[in-house]
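The file model.cif comes next; it holds mmCIF, C-alpha atoms.
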data_work
loop_
_atom_site.label_atom_id
_atom_site.label_comp_id
_atom_site.auth_asym_id
_atom_site.auth_seq_id
_atom_site.Cartn_x
_atom_site.Cartn_y
_atom_site.Cartn_z
CA MET A 411 48.59 12.86 -11.64
CA ASN A 412 45.50 11.95 -13.61
CA LEU A 413 46.16 9.29 -16.21
CA LYS A 414 42.83 9.67 -17.96
CA THR A 415 42.78 10.74 -21.56
CA PRO A 416 40.60 13.76 -22.34
CA LEU A 417 38.12 11.52 -24.13
CA ALA A 418 37.88 9.28 -21.09
CA LYS A 419 37.27 12.30 -18.89
CA VAL A 420 34.52 13.58 -21.14
CA LYS A 421 32.85 10.20 -21.44
CA GLY A 422 33.02 9.70 -17.70
CA LEU A 423 34.93 6.47 -17.94
CA GLY A 424 36.77 4.89 -15.06
CA SER A 425 35.84 4.47 -11.46
CA ALA A 426 32.80 6.29 -10.16
CA LYS A 427 34.50 6.91 -6.80
CA GLU A 428 31.21 6.62 -4.95
CA GLY A 429 29.04 3.71 -4.04
CA SER A 430 30.21 2.71 -0.59
CA HIS A 431 27.39 4.79 0.88
CA HIS A 432 24.95 2.61 -1.05
CA TRP A 433 26.64 -0.51 0.35
CA LEU A 434 26.55 0.82 3.89
CA MET A 435 22.90 1.97 3.72
CA GLN A 436 21.92 -1.43 2.37
CA ARG A 437 23.47 -3.15 5.38
CA LEU A 438 22.13 -0.63 7.89
CA THR A 439 18.59 -0.84 6.60
CA ALA A 440 18.91 -4.63 6.58
CA LEU A 441 19.92 -4.56 10.24
CA ALA A 442 17.02 -2.25 11.10
CA LEU A 443 14.66 -4.40 9.09
CA ILE A 444 15.59 -7.52 11.06
CA PHE A 445 14.10 -5.93 14.15
CA ILE A 446 11.22 -4.22 12.39
CA VAL A 447 10.11 -7.35 10.57
CA THR A 448 10.36 -9.65 13.57
CA ILE A 449 8.38 -7.30 15.78
CA PHE A 450 5.90 -6.55 12.99
CA VAL A 451 5.23 -10.21 12.20
CA SER A 452 4.94 -11.18 15.83
CA MET A 453 2.47 -8.35 16.43
CA LEU A 454 0.45 -9.46 13.44
CA VAL A 455 0.31 -13.02 14.72
CA TRP A 456 -0.26 -12.38 18.42
CA SER A 457 -2.65 -9.49 18.14
CA GLY A 458 -4.54 -10.97 15.24
CA LYS A 459 -7.49 -11.59 17.48
CA ASN A 460 -8.15 -7.88 17.82
CA GLY A 461 -9.29 -7.66 14.25
CA ASP A 462 -7.79 -6.60 11.02
CA ILE A 463 -4.79 -4.39 10.51
CA ILE A 464 -6.98 -1.32 10.16
CA SER A 465 -8.28 -1.61 13.69
CA MET A 466 -4.83 -2.50 15.03
CA LEU A 467 -3.56 0.81 13.67
CA GLN A 468 -5.22 2.60 16.56
CA SER A 469 -2.32 1.71 18.83
CA PRO A 470 0.59 4.11 18.27
CA LEU A 471 3.19 1.34 18.53
CA PHE A 472 1.66 -0.47 15.62
CA ALA A 473 1.24 2.71 13.59
CA VAL A 474 4.89 3.64 14.07
CA LEU A 475 5.93 0.09 13.24
CA MET A 476 3.86 0.13 10.09
CA LEU A 477 5.30 3.47 8.96
CA LEU A 478 8.84 2.33 9.67
CA PHE A 479 8.27 -0.94 7.90
CA ILE A 480 6.91 0.55 4.73
CA THR A 481 9.53 3.27 4.42
CA VAL A 482 12.64 1.31 5.42
CA SER A 483 11.74 -1.79 3.44
CA VAL A 484 11.01 0.17 0.27
CA TYR A 485 14.28 2.08 0.69
CA HIS A 486 16.19 -1.17 1.18
CA GLY A 487 14.40 -2.61 -1.82
CA SER A 488 15.16 0.41 -4.00
CA LEU A 489 18.86 0.06 -3.26
CA GLY A 490 18.68 -3.65 -3.99
CA ILE A 491 16.67 -3.36 -7.19
CA ARG A 492 19.21 -0.79 -8.38
CA VAL A 493 21.95 -3.41 -8.09
CA VAL A 494 19.84 -6.00 -9.87
CA ILE A 495 19.00 -3.66 -12.76
CA GLU A 496 22.61 -2.64 -13.12
CA ASP A 497 23.57 -6.30 -13.26
CA TYR A 498 21.19 -7.33 -15.99
CA VAL A 499 20.56 -4.25 -18.11
CA HIS A 500 23.50 -2.81 -19.98
CA LYS A 501 22.03 -0.24 -22.32
CA ASN A 502 22.37 3.08 -20.50
CA CYS A 503 19.05 4.63 -21.49
CA ILE A 504 16.95 1.64 -20.44
CA LYS A 505 18.96 1.12 -17.27
CA ASN A 506 18.67 4.72 -16.10
CA PHE A 507 15.00 4.85 -17.01
CA LEU A 508 14.26 1.67 -15.04
CA ILE A 509 16.16 2.80 -11.95
CA ILE A 510 14.56 6.25 -11.93
CA SER A 511 11.07 4.92 -12.54
CA CYS A 512 11.39 2.34 -9.76
CA ASN A 513 12.48 5.07 -7.38
CA PHE A 514 9.68 7.42 -8.41
CA ILE A 515 6.97 4.80 -8.14
CA SER A 516 8.19 3.66 -4.74
CA ILE A 517 8.35 7.24 -3.44
CA VAL A 518 4.80 7.92 -4.62
CA LEU A 519 3.49 4.70 -3.09
CA VAL A 520 5.29 5.25 0.20
CA THR A 521 3.95 8.80 0.47
CA GLY A 522 0.42 7.58 -0.13
CA ALA A 523 0.81 4.72 2.33
CA ALA A 524 2.27 7.03 5.00
CA LEU A 525 -0.63 9.44 4.57
CA SER A 526 -3.11 6.58 4.82
CA ILE A 527 -1.47 5.16 7.95
CA VAL A 528 -1.55 8.56 9.66
CA LYS A 529 -5.13 9.11 8.57
CA VAL A 530 -6.31 5.73 9.83
CA HIS A 531 -4.42 6.18 13.08
CA ILE A 532 -5.99 9.57 13.75
CA ASP A 533 -9.37 9.35 12.13
CA GLY A 534 -10.21 5.71 11.48
CA PRO A 535 -10.83 4.09 8.12
CA PHE A 536 -13.37 5.15 5.57
CA ARG A 537 -16.80 5.48 7.09
CA PHE A 538 -19.98 6.12 5.28
CA PRO A 539 -21.27 9.58 6.16
CA LYS A 540 -24.50 9.60 8.13
CA TYR A 541 -26.47 10.76 5.16
CA TRP A 542 -25.50 8.93 2.01
CA PRO A 543 -25.79 10.57 -0.53
CA MET A 544 -24.60 13.68 1.18
CA HIS A 545 -27.35 16.15 0.53
CA ASN A 546 -30.38 16.16 2.78
CA GLU A 547 -32.69 18.97 1.89
CA SER A 548 -34.46 19.17 5.20
CA LYS A 549 -31.23 20.04 6.94
CA LEU A 550 -30.60 23.04 4.74
CA GLN A 551 -31.70 26.46 5.87
CA LYS A 552 -34.38 28.15 3.83
CA PRO A 553 -34.51 31.86 3.04
CA CYS A 554 -36.94 33.80 5.21
CA HIS A 555 -39.54 34.45 2.53
CA MET A 556 -39.73 30.77 1.66
CA LYS A 557 -39.92 29.47 5.18
CA ASN A 558 -43.40 28.04 4.89
CA GLU A 559 -43.09 26.70 1.42
CA SER A 560 -42.08 23.24 0.49
CA LYS A 561 -39.04 22.93 -1.60
CA LEU A 562 -40.69 21.70 -4.71
CA GLN A 563 -42.90 24.14 -6.52
CA GLN A 564 -45.26 22.65 -8.98
CA PRO A 565 -46.50 24.56 -11.95
CA CYS A 566 -50.19 25.45 -11.79
CA HIS A 567 -51.42 22.94 -14.29
CA MET A 568 -49.77 20.08 -12.44
CA LYS A 569 -50.86 20.93 -8.93
CA GLU A 570 -52.89 17.80 -8.53
CA VAL A 571 -50.11 15.59 -9.83
CA GLN A 572 -47.90 13.92 -7.30
CA ILE A 573 -44.27 14.46 -8.15
CA ASN A 574 -42.18 11.47 -7.26
CA SER A 575 -39.37 12.98 -5.33
CA GLN A 576 -36.23 11.05 -4.60
CA PRO A 577 -36.38 9.18 -1.30
CA VAL A 578 -34.64 11.30 1.25
CA VAL A 579 -33.07 9.50 4.20
CA PRO A 580 -35.24 10.52 7.14
CA MET A 581 -33.63 12.38 9.99
CA GLN A 582 -33.63 10.40 13.18
CA ASN A 583 -34.26 12.58 16.20
CA GLU A 584 -31.92 15.29 15.29
CA GLY A 585 -33.50 17.63 17.87
CA ASN A 586 -35.09 19.63 15.10
CA ASP A 587 -37.85 17.27 14.13
CA GLY A 588 -39.98 19.66 12.21
CA LYS A 589 -41.98 20.95 15.14
CA ALA A 590 -39.52 23.63 16.17
CA GLU A 591 -38.95 26.64 14.00
CA GLN A 592 -36.24 26.14 11.46
CA PRO A 593 -33.87 29.10 11.36
CA CYS A 594 -33.84 31.05 8.15
CA TYR A 595 -31.37 33.35 6.54
CA ARG A 596 -31.72 36.79 5.03
CA GLU A 597 -32.19 36.72 1.34
CA GLU A 598 -28.82 37.93 0.18
CA ILE A 599 -28.19 34.78 -1.73
CA LYS A 600 -29.80 34.59 -5.10
CA ILE A 601 -31.62 31.33 -5.36
CA TYR A 602 -33.48 30.09 -8.30
CA THR A 603 -37.22 30.12 -7.92
CA PRO A 604 -39.17 28.61 -10.75
CA PRO A 605 -41.13 31.26 -12.58
CA VAL A 606 -44.57 30.30 -11.26
CA SER A 607 -46.84 32.70 -9.42
CA PRO A 608 -50.60 32.74 -9.15
CA GLU A 609 -50.88 35.72 -11.51
CA ASN A 610 -49.35 33.71 -14.31
CA CYS A 611 -51.65 30.75 -14.03
CA PRO A 612 -53.95 30.31 -16.98
CA PRO A 613 -57.58 30.82 -16.06
CA LYS A 614 -59.34 27.64 -15.07
CA LYS A 615 -61.56 26.34 -17.81
CA MET B 919 34.50 -6.71 -32.34
CA GLY B 920 30.87 -5.84 -31.78
CA LYS B 921 28.57 -7.10 -29.11
CA ASN B 922 26.57 -9.02 -31.68
CA SER B 923 29.19 -11.71 -32.10
CA THR B 924 27.72 -15.04 -33.13
CA ARG B 925 30.58 -17.12 -31.77
CA PRO B 926 29.41 -19.87 -29.43
CA LEU B 927 29.81 -19.66 -25.66
CA SER B 928 30.87 -22.63 -23.59
CA PRO B 929 27.97 -23.98 -21.49
CA HIS B 930 27.68 -22.65 -17.95
CA LEU B 931 24.26 -22.84 -16.35
CA THR B 932 23.34 -25.99 -18.20
CA ILE B 933 26.24 -28.10 -17.01
CA TYR B 934 27.23 -26.78 -13.60
CA LYS B 935 25.95 -28.79 -10.69
CA PRO B 936 23.63 -26.66 -8.53
CA GLN B 937 25.12 -26.24 -5.08
CA ILE B 938 23.92 -24.90 -1.80
CA THR B 939 25.85 -21.66 -2.29
CA THR B 940 24.60 -20.82 -5.75
CA VAL B 941 21.01 -21.88 -5.23
CA LEU B 942 20.63 -19.93 -2.02
CA SER B 943 22.27 -16.88 -3.53
CA ILE B 944 20.02 -16.70 -6.57
CA THR B 945 17.00 -17.42 -4.40
CA HIS B 946 18.02 -14.50 -2.18
CA ARG B 947 18.01 -12.24 -5.22
CA ALA B 948 14.73 -13.63 -6.54
CA THR B 949 12.96 -13.25 -3.19
CA GLY B 950 14.33 -9.73 -2.91
CA ILE B 951 12.81 -8.76 -6.25
CA ALA B 952 9.51 -10.45 -5.39
CA LEU B 953 9.40 -8.72 -2.01
CA TYR B 954 10.05 -5.32 -3.58
CA PHE B 955 6.98 -5.59 -5.80
CA SER B 956 5.03 -7.12 -2.93
CA ALA B 957 5.90 -4.02 -0.90
CA TRP B 958 4.41 -1.93 -3.70
CA LEU B 959 1.25 -4.01 -3.54
CA PHE B 960 1.21 -3.71 0.24
CA ALA B 961 1.42 0.08 0.03
CA ALA B 962 -1.36 0.10 -2.55
CA TRP B 963 -3.48 -2.10 -0.25
CA ILE B 964 -2.94 0.32 2.64
CA ILE B 965 -4.03 3.27 0.52
CA ILE B 966 -7.10 1.48 -0.81
CA SER B 967 -8.14 0.15 2.61
CA ALA B 968 -7.90 3.58 4.19
CA TYR B 969 -9.77 5.57 1.57
CA SER B 970 -12.17 3.30 -0.27
CA PRO B 971 -15.55 2.01 0.91
CA CYS B 972 -15.27 -1.07 -1.27
CA ASP B 973 -14.67 -4.38 0.52
CA CYS B 974 -13.87 -6.31 -2.66
CA LEU B 975 -10.11 -6.21 -2.15
CA ASN B 976 -10.30 -7.72 1.33
CA SER B 977 -12.66 -10.44 0.16
CA PHE B 978 -10.17 -11.33 -2.55
CA ILE B 979 -7.39 -11.52 0.01
CA ARG B 980 -9.50 -13.73 2.26
CA SER B 981 -10.14 -16.15 -0.60
CA GLY B 982 -7.98 -19.16 -1.44
CA VAL B 983 -5.91 -17.44 -4.11
CA GLY B 984 -5.21 -14.48 -1.86
CA GLN B 985 -4.22 -16.63 1.07
CA ALA B 986 -1.94 -18.80 -1.08
CA GLY B 987 -0.29 -15.66 -2.39
CA LEU B 988 0.16 -14.38 1.16
CA VAL B 989 1.75 -17.67 2.22
CA LEU B 990 4.21 -17.48 -0.67
CA VAL B 991 5.06 -13.86 0.03
CA SER B 992 5.60 -14.53 3.71
CA MET B 993 7.79 -17.51 2.88
CA ALA B 994 9.86 -15.25 0.63
CA LEU B 995 10.04 -12.70 3.43
CA PHE B 996 11.31 -15.21 5.99
CA TYR B 997 13.80 -16.73 3.56
CA HIS B 998 15.16 -13.29 2.64
CA LEU B 999 15.32 -12.36 6.32
CA PHE B 1000 17.30 -15.42 7.41
CA ASN B 1001 19.58 -15.44 4.40
CA GLY B 1002 20.10 -11.71 4.93
CA ILE B 1003 21.32 -12.41 8.46
CA ARG B 1004 23.71 -14.97 6.94
CA HIS B 1005 24.94 -12.24 4.52
CA LEU B 1006 25.45 -9.83 7.40
CA PHE B 1007 27.61 -12.35 9.20
CA TRP B 1008 29.71 -12.62 6.02
CA ASP B 1009 30.00 -8.84 5.96
CA ILE B 1010 31.45 -8.87 9.45
CA GLY B 1011 33.88 -11.54 8.32
CA LYS B 1012 32.54 -14.62 9.99
CA GLY B 1013 31.38 -17.90 8.55
CA TYR B 1014 33.40 -18.25 5.36
CA SER B 1015 34.64 -21.79 5.86
CA LEU B 1016 32.97 -24.41 3.70
CA ARG B 1017 31.50 -26.21 6.69
CA ALA B 1018 30.04 -22.98 8.07
CA VAL B 1019 28.55 -22.06 4.71
CA THR B 1020 26.89 -25.43 4.27
CA LEU B 1021 25.59 -25.53 7.83
CA SER B 1022 24.24 -22.00 7.77
CA GLY B 1023 22.71 -22.60 4.35
CA TRP B 1024 20.76 -25.63 5.45
CA SER B 1025 19.73 -23.95 8.69
CA VAL B 1026 18.35 -21.01 6.68
CA ILE B 1027 16.19 -23.37 4.64
CA ILE B 1028 14.95 -25.27 7.69
CA LEU B 1029 14.28 -22.06 9.61
CA THR B 1030 12.27 -20.66 6.72
CA ILE B 1031 10.01 -23.68 6.49
CA VAL B 1032 9.56 -23.95 10.25
CA THR B 1033 8.77 -20.25 10.68
CA THR B 1034 6.29 -20.27 7.83
CA ILE B 1035 4.50 -23.27 9.31
CA ILE B 1036 4.41 -21.76 12.79
CA VAL B 1037 3.20 -18.33 11.67
CA TRP B 1038 0.54 -19.61 9.34
CA SER B 1039 -0.87 -22.19 11.71
CA ALA B 1040 -1.16 -19.43 14.29
CA MET B 1041 -2.86 -17.23 11.72
CA ILE B 1042 -5.24 -19.99 10.69
CA GLY B 1043 -6.04 -20.71 14.32
CA ILE B 1044 -6.95 -17.07 14.76
CA ASN B 1045 -8.53 -16.65 11.37
CA MET B 1046 -11.08 -19.42 11.85
CA GLU B 1047 -12.83 -17.19 14.31
CA PHE B 1048 -12.70 -14.37 11.80
CA ILE B 1049 -14.20 -16.35 9.02
CA THR B 1050 -17.00 -17.96 10.99
CA GLY B 1051 -17.88 -15.37 13.58
CA LEU B 1052 -16.80 -11.90 12.69
CA ILE B 1053 -18.26 -11.33 9.27
CA SER B 1054 -20.04 -8.01 9.61
#

Can I see the file as structure tokens?
Amino acid sequence: MNLKTPLAKVKGLGSAKEGSHHWLMQRLTALALIFIVTIFVSMLVWSGKNGDIISMLQSPLFAVLMLLFITVSVYHGSLGIRVVIEDYVHKNCIKNFLIISCNFISIVLVTGAALSIVKVHIDGPFRFPKYWPMHNESKLQKPCHMKNESKLQQPCHMKEVQINSQPVVPMQNEGNDGKAEQPCYREEIKIYTPPVSPENCPPKK
Amino acid sequence: MGKNSTRPLSPHLTIYKPQITTVLSITHRATGIALYFSAWLFAAWIIISAYSPCDCLNSFIRSGVGQAGLVLVSMALFYHLFNGIRHLFWDIGKGYSLRAVTLSGWSVIILTIVTTIIVWSAMIGINMEFITGLIS
């Protein structure tokens, strides 16, 4: 028979009747982490000659180890920090807020780290693209009626003025080095042409 | 009746002699907390290193402050690891006698220092080549 008073039942007083799973997961993750950390640290020390961690992530063993380390250790730490917060913080609102925020932040960080580890393992770290900044006008296709025109159109009264264009990174032997015909596209796309044509030029004085 | 009672407490932390059991236990908790936030920083470092072209973070880590911080964090990691193994033996039920506790406590401390020295001298031996030769 239940000896709790109705008020105690409503307030949720008494034993929580759960928590041994937390205890068990803490010990299991600790056991797993013994192996993970020893292998991880020994790999860091022995393979340190290969370069930094980013280049060591190419080997699948190290990538798996890194993923395991970051997830299991943060899980173990979340369980542990929960115990610490419950020991030292007694006001319910602050305690619950702290536990939930620690869990949220760690989940966000672990997701980002897992994505980064997979990305570096598959694709390598950040590399500058070949053309930096990204747009290189000479690689773009021109519409057919503008094939022989340069990109910049000067207004009539400034034809003798040199316009300082931005320095474009020159293409290095891309196979299409200006001598071959650049392909063009049919003019279905509306592009902006500046409103200059020879008819609109003022008569030369 | 309330929690804001102004009656004095008898002294506890100020008078009790620090012992191997208590000091190691609170250090286990402190290193655990420090390692948790270091794991956050580690995850943030992974994300930044994978997606950012900036090398400023790695140059900070290679500097004196960064390396000192890494030594401290690794010392905390090794201490927490060895003391955690000691805790797991207690969970099985072994090692509760006073002699066993004292012995295992001192061996945890010695193991931590020795492992830190070994790992970091190996890292320095490798890192010298990094610093002088591989800057690119």

Go through chain B residue by residue and, counting only C-alpha atoms, keep those with an atom at most 6 Å from chain A; for each kept residue give the shortest atom pair and its distance in Å to one decimal, ordered by chain and increasing number, as a tab-separated table.
residue	atom	partner	partner_atom	distance
B:Tyr954	CA	A:Gly487	CA	5.4
B:Ala961	CA	A:Ala523	CA	5.2
B:Ile964	CA	A:Ala523	CA	5.8
B:Ile965	CA	A:Ala523	CA	5.4
B:Ala968	CA	A:Pro535	CA	4.9
B:Tyr969	CA	A:Phe536	CA	5.4

Matched chain/residue IDs from the PyMOL selection byres ((chain B and resi 1017-1026) around 8), as a list of chain:residue names: B:Ile938, B:Thr939, B:Leu942, B:Tyr997, B:Phe1000, B:Asn1001, B:Arg1004, B:Gly1013, B:Tyr1014, B:Ser1015, B:Leu1016, B:Ile1027, B:Ile1028, B:Leu1029, B:Thr1030

Could you give me the axis-aligned bounding box of segment 945-951 of chain B, with 3 Å of padding per side, as centre plus edge lengths in Å to one decimal, as JSON?
{"center_x": 15.4, "center_y": -13.1, "center_z": -4.4, "size_x": 11.2, "size_y": 14.7, "size_z": 10.4}

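Nearest residue to Phe472 of chain A, choosing from A:Ile510, A:Met453, A:Leu423, A:Val499 and counting all atoms listed in the file: A:Met453.
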
On this structure, the PyMOL selection byres ((chain B and resi 949) around 9) would catch which residues? List them as an mmCIF file with C-alpha atoms, keeping the file's coordinate frame, sorted by chain and number.
data_model
loop_
_atom_site.group_PDB
_atom_site.id
_atom_site.type_symbol
_atom_site.label_atom_id
_atom_site.label_comp_id
_atom_site.auth_asym_id
_atom_site.auth_seq_id
_atom_site.Cartn_x
_atom_site.Cartn_y
_atom_site.Cartn_z
ATOM 1 C CA ILE B 944 20.020 -16.700 -6.570
ATOM 2 C CA THR B 945 17.000 -17.420 -4.400
ATOM 3 C CA HIS B 946 18.020 -14.500 -2.180
ATOM 4 C CA ARG B 947 18.010 -12.240 -5.220
ATOM 5 C CA ALA B 948 14.730 -13.630 -6.540
ATOM 6 C CA GLY B 950 14.330 -9.730 -2.910
ATOM 7 C CA ILE B 951 12.810 -8.760 -6.250
ATOM 8 C CA ALA B 952 9.510 -10.450 -5.390
ATOM 9 C CA LEU B 953 9.400 -8.720 -2.010
ATOM 10 C CA TYR B 954 10.050 -5.320 -3.580
ATOM 11 C CA VAL B 991 5.060 -13.860 0.030
ATOM 12 C CA ALA B 994 9.860 -15.250 0.630
ATOM 13 C CA LEU B 995 10.040 -12.700 3.430
ATOM 14 C CA TYR B 997 13.800 -16.730 3.560
ATOM 15 C CA HIS B 998 15.160 -13.290 2.640
#

Segment 474-478 of chain A surroundings by only C-alpha atoms, 7 Å radius, close-in-sequence under 3 positions cut, as a ChimeraX atom specification: /A:446,450,470-471,481-482,524

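Relative to atom CA of Gly987 of chain B, atom CA of Cys974 of chain B is found at 16.5 Å.
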
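Atom pair atom CA of Ile1036 of chain B / atom CA of Phe996 of chain B: separated by 11.7 Å.
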
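In this structure, atom CA of His930 of chain B sits 16.8 Å away from atom CA of Tyr498 of chain A.
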
Residue contacts of Lys505 of chain A (8 Å, all atoms listed in the file) excluding same-chain residues fewer than 5 positions away, as a list in words: Ile495, Glu496, Val499 and His500 of chain A

Can you write just those residues out, C-alpha atoms, as a JSON list (two decimals), in the frame of the given file?
[["chain", "number", "residue", "atom", "x", "y", "z"],
["A", 495, "ILE", "CA", 19.00, -3.66, -12.76],
["A", 496, "GLU", "CA", 22.61, -2.64, -13.12],
["A", 499, "VAL", "CA", 20.56, -4.25, -18.11],
["A", 500, "HIS", "CA", 23.50, -2.81, -19.98]]

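Taking all atoms listed in the file into account, Ile1042 of chain B lies nearest to B:Arg980 out of the set B:His1005, B:Gly1011, B:Asp973, B:Arg980.
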
Taking the block above, write segment 1011-1027 of chain B with N, CA, C and O atoms as a PDB file, in the first residue's frame.
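The resulting result.pdb:
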ATOM      1  N   GLY B1011      34.225  -3.941  -5.777  1.00  0.00           N
ATOM      2  CA  GLY B1011      34.231  -4.368  -4.389  1.00  0.00           C
ATOM      3  C   GLY B1011      35.619  -4.602  -3.841  1.00  0.00           C
ATOM      4  O   GLY B1011      35.775  -5.035  -2.708  1.00  0.00           O
ATOM      5  N   LYS B1012      36.622  -4.259  -4.653  1.00  0.00           N
ATOM      6  CA  LYS B1012      37.973  -4.553  -4.227  1.00  0.00           C
ATOM      7  C   LYS B1012      38.700  -3.293  -3.793  1.00  0.00           C
ATOM      8  O   LYS B1012      38.471  -2.221  -4.346  1.00  0.00           O
ATOM      9  N   GLY B1013      39.577  -3.417  -2.831  1.00  0.00           N
ATOM     10  CA  GLY B1013      40.482  -2.326  -2.502  1.00  0.00           C
ATOM     11  C   GLY B1013      39.948  -1.383  -1.468  1.00  0.00           C
ATOM     12  O   GLY B1013      40.284  -0.205  -1.494  1.00  0.00           O
ATOM     13  N   TYR B1014      39.128  -1.833  -0.522  1.00  0.00           N
ATOM     14  CA  TYR B1014      38.553  -0.931   0.462  1.00  0.00           C
ATOM     15  C   TYR B1014      39.359  -0.843   1.740  1.00  0.00           C
ATOM     16  O   TYR B1014      39.097   0.004   2.568  1.00  0.00           O
ATOM     17  N   SER B1015      40.336  -1.715   1.925  1.00  0.00           N
ATOM     18  CA  SER B1015      41.092  -1.645   3.167  1.00  0.00           C
ATOM     19  C   SER B1015      41.913  -0.374   3.183  1.00  0.00           C
ATOM     20  O   SER B1015      42.244   0.191   2.134  1.00  0.00           O
ATOM     21  N   LEU B1016      42.279   0.093   4.360  1.00  0.00           N
ATOM     22  CA  LEU B1016      42.970   1.376   4.467  1.00  0.00           C
ATOM     23  C   LEU B1016      44.307   1.339   3.753  1.00  0.00           C
ATOM     24  O   LEU B1016      44.712   2.290   3.078  1.00  0.00           O
ATOM     25  N   ARG B1017      44.998   0.190   3.886  1.00  0.00           N
ATOM     26  CA  ARG B1017      46.298   0.073   3.228  1.00  0.00           C
ATOM     27  C   ARG B1017      46.150   0.145   1.715  1.00  0.00           C
ATOM     28  O   ARG B1017      46.928   0.800   1.037  1.00  0.00           O
ATOM     29  N   ALA B1018      45.104  -0.553   1.203  1.00  0.00           N
ATOM     30  CA  ALA B1018      44.908  -0.549  -0.250  1.00  0.00           C
ATOM     31  C   ALA B1018      44.568   0.845  -0.735  1.00  0.00           C
ATOM     32  O   ALA B1018      45.026   1.269  -1.806  1.00  0.00           O
ATOM     33  N   VAL B1019      43.738   1.552   0.020  1.00  0.00           N
ATOM     34  CA  VAL B1019      43.349   2.897  -0.392  1.00  0.00           C
ATOM     35  C   VAL B1019      44.556   3.816  -0.432  1.00  0.00           C
ATOM     36  O   VAL B1019      44.758   4.579  -1.389  1.00  0.00           O
ATOM     37  N   THR B1020      45.384   3.751   0.593  1.00  0.00           N
ATOM     38  CA  THR B1020      46.562   4.626   0.620  1.00  0.00           C
ATOM     39  C   THR B1020      47.519   4.286  -0.503  1.00  0.00           C
ATOM     40  O   THR B1020      48.013   5.167  -1.215  1.00  0.00           O
ATOM     41  N   LEU B1021      47.779   2.986  -0.676  1.00  0.00           N
ATOM     42  CA  LEU B1021      48.705   2.568  -1.740  1.00  0.00           C
ATOM     43  C   LEU B1021      48.198   2.999  -3.120  1.00  0.00           C
ATOM     44  O   LEU B1021      48.949   3.566  -3.922  1.00  0.00           O
ATOM     45  N   SER B1022      46.924   2.671  -3.377  1.00  0.00           N
ATOM     46  CA  SER B1022      46.407   2.997  -4.706  1.00  0.00           C
ATOM     47  C   SER B1022      46.358   4.513  -4.912  1.00  0.00           C
ATOM     48  O   SER B1022      46.601   4.998  -6.019  1.00  0.00           O
ATOM     49  N   GLY B1023      46.087   5.245  -3.842  1.00  0.00           N
ATOM     50  CA  GLY B1023      46.064   6.701  -3.958  1.00  0.00           C
ATOM     51  C   GLY B1023      47.405   7.256  -4.368  1.00  0.00           C
ATOM     52  O   GLY B1023      47.524   8.041  -5.314  1.00  0.00           O
ATOM     53  N   TRP B1024      48.455   6.832  -3.650  1.00  0.00           N
ATOM     54  CA  TRP B1024      49.784   7.336  -4.004  1.00  0.00           C
ATOM     55  C   TRP B1024      50.218   6.852  -5.383  1.00  0.00           C
ATOM     56  O   TRP B1024      50.893   7.580  -6.134  1.00  0.00           O
ATOM     57  N   SER B1025      49.838   5.624  -5.742  1.00  0.00           N
ATOM     58  CA  SER B1025      50.246   5.159  -7.076  1.00  0.00           C
ATOM     59  C   SER B1025      49.530   5.946  -8.166  1.00  0.00           C
ATOM     60  O   SER B1025      50.084   6.170  -9.244  1.00  0.00           O
ATOM     61  N   VAL B1026      48.298   6.384  -7.904  1.00  0.00           N
ATOM     62  CA  VAL B1026      47.602   7.232  -8.890  1.00  0.00           C
ATOM     63  C   VAL B1026      48.364   8.524  -9.101  1.00  0.00           C
ATOM     64  O   VAL B1026      48.600   8.954 -10.242  1.00  0.00           O
ATOM     65  N   ILE B1027      48.797   9.140  -8.001  1.00  0.00           N
ATOM     66  CA  ILE B1027      49.524  10.417  -8.141  1.00  0.00           C
ATOM     67  C   ILE B1027      50.823  10.210  -8.900  1.00  0.00           C
ATOM     68  O   ILE B1027      51.154  10.955  -9.841  1.00  0.00           O
TER      69      ILE B1027
END
